[in-house]
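Okay, so here's the structure we're looking at.
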Amino acid sequence: MTNTLHRYGSPQSLRNDYIVFAMAAKGHNEQGALEKARTFLRAAIKHRPINMGNALINPRYRPEKDLTFLKLYLFGRKQEVPYEQLIEELPAPGSAAVVFDNTYAMRRFLEDVKKLDLGLSINVSALIDDVRQVCGEVGITPHSVEYSLPFRGATEKLPSDDVLSLSTMCGHGMVSANLAKKMVDRVREGRMEPDEAAKCMAKFCVCGVFNTTRAMRVLHETVRRD
Amino acid sequence: MQISKERCVGCANCTAVCPMGAIYIAADGLAEIDREACVECHNCYRGMSFEHLPPEMVRAGRRLLSQVQLRFQPDPDVCPTEALVPEELEWPRIVRRAFSDPMVTHESTGVHGRGTEEVKTNDITNRIQQGDAGFVVELGRPGIGVYFRDVQTVTKALAAAGAEFEAGNPVTGLMTDPGTGEIREDLHGEKVLSCIVELKAALDEVPGLLEVVEEVAKDFPSVISLGVSTRTDANGEEELQELLRSAGYDTWRAKVNLGMGRATSFPGSGPAGLEEQGVRP
């Protein structure tokens, strides 16, 4: 899964977008990994992550399969679940991912993860210079690095930069370009608030790595520029 | 995936949700799926919320509202009548789902998604050593899709350049001969949202392999997303970034393995055991 690697945008746009994830290596350290993944996710809660998931269950923002007229128009929709509930529901460790929208929270979380010494592989997907700086501050020596290179091939088939910035926040492609464009249009027309649009898109990203704060920022900037 | 004509009310919400743009409103005013374009990712069925309204009631309401120039418009992620119906897939169409639905585990890898653990667990597996480069060539991403006949164009070009494909990768598993990069013929007409070709090379082979990808990309009908990885030295430094920069690539975004993993499942596989085997954990 290169789900988080190829988020599209300028370095400025990609700042404050950190995905930290933990996983076990198949055949090497799977024993007890589920409880370790839960510990990893629980440790994140106090640092106020903006999203969480692991692709084996629906993440923080979820579709509702039991909507009724009353829920929709009277009591309101319940589009997100508490982190504790999500953590309890994990059926297997998978790739437990947490998203932060600021460096301070990410650094504090890494300090805690280092102390926990879970033995799972911990990765950070973000701007490389920011990760290196935080690693230096926390006293971590990076083990391996994977660089994202710019798109090649039939790039003329890709949507606009703004839409791509939103849709690539789900690397599995579950946030469709058409949905992202629809959200931009709805915000532009005043029919949706940026936070509603961001949560709507986040529900389609099953890994829980969609950064709703960045999505709101992109939506604001797109609409303001237009 | 199918859409029930009996239940669909033509609100068109599912058309925007489909990553492949495979859902459209047909001449009868109801949603249909272009089966050739659909990659069976199940995004519409999984991601949309369902309101279980009787279709007859919704249709009557729509007709009534249209009389007064109003339109029935559910929330953009809601299917008001639960009209989406998953279907049992058979070979070879089932391969579409295996590669396109991130909640399906590849039997070959045990990993959710389209590739393997790559360098995400390299601190445990040590698959990519110092002086090595791991290539993750994702085809069809983002949101364009790719046919396996086009995937084969890339794998054959890489194989001809001497690439060593990752054995545990799902695409490698579909090759009739990893030495030539040929993919089984019965899958050539199958389209997936994206798939990942993985290979390992020496660092000094990186410029040559990048040239191969650039050459193939010129006439490639989809998009190629490329990730290149390596192992750092004891100080956390590596030569790959400079190598990529000097080849003209931006390298501002990356995934970094922090080296906190430990193998615990068998004796001698922990850090001490690896050191005994001459591998720096």
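Numbering starts fresh at 1 for the residues of each chain in the structure tokens, the chains themselves are lettered A, B, ... in the order given, and ligands are numbered from 1 as they appear.
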
| chain B residues within 6 Å of chain A, counting only C-alpha atoms: which ones, as a ChimeraX atom specification? | /B:16-17,19,47-51,113-115,121,143,217-218,220-232,236,251-265

| field | stretch 91-187 of chain A: residues DSSP assigns to strand (DSSP E or B), reported as JSON, numbers by chain | value | {"A": [95, 96, 97, 98, 99, 100, 121, 122, 123, 124, 125, 126, 127, 144, 145, 146, 147, 148, 149, 150, 151, 152, 153]}

Per residue of stretch 128-153 of chain B within 8 Å of stretch 171-189 of chain B, note the shortest atom pair and the distance in Å to one decimal, counting only C-alpha atoms, and order the rows by chain and increasing residue number, as CSV.
residue,atom,partner,partner_atom,distance
B:Tyr147,CA,B:Gly189,CA,6.2
B:Phe148,CA,B:His188,CA,4.6
B:Arg149,CA,B:His188,CA,4.3
B:Asp150,CA,B:His188,CA,7.9
B:Gln152,CA,B:Ile183,CA,5.9

Produce a file of the selected residues containing N, CA and C atoms, as an mmCIF file, in the first residue's frame.
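What follows is the written file part.cif:
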data_model
loop_
_atom_site.group_PDB
_atom_site.id
_atom_site.type_symbol
_atom_site.label_atom_id
_atom_site.label_comp_id
_atom_site.auth_asym_id
_atom_site.auth_seq_id
_atom_site.Cartn_x
_atom_site.Cartn_y
_atom_site.Cartn_z
ATOM 1 N N TYR B 147 -5.576 -1.171 -17.566
ATOM 2 C CA TYR B 147 -5.793 -2.549 -18.020
ATOM 3 C C TYR B 147 -4.489 -3.336 -17.838
ATOM 4 N N PHE B 148 -4.644 -4.640 -17.594
ATOM 5 C CA PHE B 148 -3.443 -5.454 -17.407
ATOM 6 C C PHE B 148 -2.601 -5.565 -18.682
ATOM 7 N N ARG B 149 -3.243 -5.386 -19.847
ATOM 8 C CA ARG B 149 -2.436 -5.407 -21.085
ATOM 9 C C ARG B 149 -1.459 -4.216 -21.083
ATOM 10 N N ASP B 150 -1.873 -3.099 -20.477
ATOM 11 C CA ASP B 150 -0.978 -1.942 -20.392
ATOM 12 C C ASP B 150 0.035 -2.097 -19.261
ATOM 13 N N GLN B 152 1.355 -4.855 -18.590
ATOM 14 C CA GLN B 152 2.383 -5.717 -19.178
ATOM 15 C C GLN B 152 3.414 -4.916 -19.988
#

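Atom to atom, atom CA of A:Met169 and atom CA of A:Phe210 stand 5.1 Å apart.
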
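Non-sequential neighbours of B:Arg35 (distance at most 9 Å, separation of 2 or more positions within a chain, only C-alpha atoms) are B:Met1, B:Gln2, B:Ala22, B:Ile33, B:Ala37, B:Cys38, B:Val39, B:Glu40.
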